[in-house]
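Reading through the structure tokens given below for one structure.
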Amino acid sequence: MKKTGNDLIAAVLEDGEQVSGSIERIVNECETDSAMVLSGIGMLRNAEIGYWNGREYEIAKFQLPHELVSMSGSVADMDGKKSVHLHVALGGEDHRGIAGHLISAEVNNIIELTMKIFPAGSFGRKFSEKTKLNMLYFR
């Protein structure tokens, strides 16, 4: 991980790492609970991608490796724990795209990641009865 003076992080996630867990580890190392994932490229395998149908996530599983074309999201405190929220766009060997909410995935080979770190307590997340989702808010 490389940290610059303006709280930008450049990190490399290695083969076999769990994506959300690795992002949480980076945020812990930066001693915060608030961050934005600005970009991520590389490859994923064993990916579970969700589509919110208004009531629940419809989950599709992709065991074979896919190119990680784009990844972005946020990290926020939710009830004293870090909540990682990521969206991805993937490409398969047929050059067709897959996109949605990242439920889980492993790094296949490598992921290059950039993040913006914010002071602890900047963001929170709480459940919304209206949307039935855990919503980001600013403190």
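Convention: chains lettered A, B, ... in structure tokens order; per-chain residue numbering from 1; ligands numbered from 1 as shown.
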Could you find all residues in chain A that DSSP calls strand (DSSP E) from the backbone, and write them as a ChimeraX atom specification? /A:2-3,8-14,34-52,57-62,66-78,81-91,97-118,123-127,134-138
Two-atom distance - CA of Asp94 in chain A, CA of Leu64 in chain A (Å): 12.2 Å
For Gly97 in chain A, find every residue with an atom within 12 Å (counting only C-alpha atoms), except residues of its own chain fewer than 3 positions away, and show them as a list in words.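 Contacts, in chain order: His66, Glu67, Leu68, Val69, Ser70, Val88, Ala89, Leu90, Gly91, Gly92, Glu93, Asp94 and Gly100 of chain A.
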Residue neighbourhood Leu133 in chain A, 12 Å, only C-alpha atoms, exclusion window fewer than 2 positions, as an mmCIF file with C-alpha atoms, in the first residue's frame:
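The resulting file, part-v2.cif, is reproduced below:
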```
data_model
loop_
_atom_site.group_PDB
_atom_site.id
_atom_site.type_symbol
_atom_site.label_atom_id
_atom_site.label_comp_id
_atom_site.auth_asym_id
_atom_site.auth_seq_id
_atom_site.Cartn_x
_atom_site.Cartn_y
_atom_site.Cartn_z
ATOM 1 C CA TRP A 52 -31.556 -5.086 -5.939
ATOM 2 C CA ASN A 53 -35.117 -5.817 -7.099
ATOM 3 C CA GLY A 54 -36.700 -3.499 -4.524
ATOM 4 C CA ARG A 55 -37.114 -6.223 -1.907
ATOM 5 C CA GLU A 56 -33.902 -8.271 -1.963
ATOM 6 C CA TYR A 57 -30.729 -8.942 -3.890
ATOM 7 C CA HIS A 85 -20.342 -1.213 -0.183
ATOM 8 C CA ARG A 125 -24.515 3.760 7.448
ATOM 9 C CA LYS A 126 -27.919 2.845 8.838
ATOM 10 C CA PHE A 127 -30.888 0.801 7.753
ATOM 11 C CA SER A 128 -33.691 2.694 6.014
ATOM 12 C CA GLU A 129 -37.244 1.410 6.455
ATOM 13 C CA LYS A 130 -38.209 3.289 3.300
ATOM 14 C CA THR A 131 -35.673 1.683 0.953
ATOM 15 C CA MET A 135 -27.953 3.907 3.512
ATOM 16 C CA LEU A 136 -24.849 6.118 3.674
#
```
Per residue of range 94-116 of chain A within 12 Å of range 26-37 of chain A, record the nearest atom pair and its distance in Å to one decimal, counting only C-alpha atoms, with rows in chain order and ascending residue number, as CSV.
```
residue,atom,partner,partner_atom,distance
A:Glu112,CA,A:Val37,CA,11.3
A:Leu113,CA,A:Val37,CA,7.7
A:Thr114,CA,A:Val37,CA,6.3
A:Met115,CA,A:Val37,CA,4.5
A:Lys116,CA,A:Met36,CA,5.2
```
As a check of understanding: the span from CA of Asp7 in chain A to CA of Leu38 in chain A is 12.3 Å
Please run DSSP on the backbone and report, as a VMD selection string, all residues within chain A that come out as alpha helix (DSSP H). chain A and resid 19 to 29
Surrounding residues of Ile59 in chain A excluding itself and chain neighbours under 4 positions, 8 Å, only C-alpha atoms, as a list in words: Glu48, Ile49, Gly50 and Tyr51 of chain A
My list of candidates is A:Ser83, A:Ser122, A:Ser20, A:Ser104. Which is closest to Ala47 in chain A when distances are computed with only C-alpha atoms?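 Once distances to Ala47 in chain A are computed over only C-alpha atoms, the minimum belongs to A:Ser104.
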Exercise: His87 in chain A partners within 9 Å, only C-alpha atoms, chain neighbours under 4 positions left out, as a ChimeraX atom specification: /A:49,70-73,99-103
Smallest atom-to-atom distance to Ile98 in chain A: which of A:Ala60, A:Val84, A:Ile117, A:Ile110, using only C-alpha atoms?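 Under the stated criterion, the closest residue is A:Ala60.
Rounded to one decimal, CA of Lys61 in chain A and CA of Asp79 in chain A lie 28.8 Å from each other.
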Among A:Ile111, A:Leu86, A:Val75, A:Ile41, Asp15 in chain A is approached most closely, using only C-alpha atoms, by A:Ile111
Which residue of A:Asp77, A:Glu58, A:Glu17, A:Glu24 approaches Arg45 in chain A most closely, using only C-alpha atoms: A:Glu17
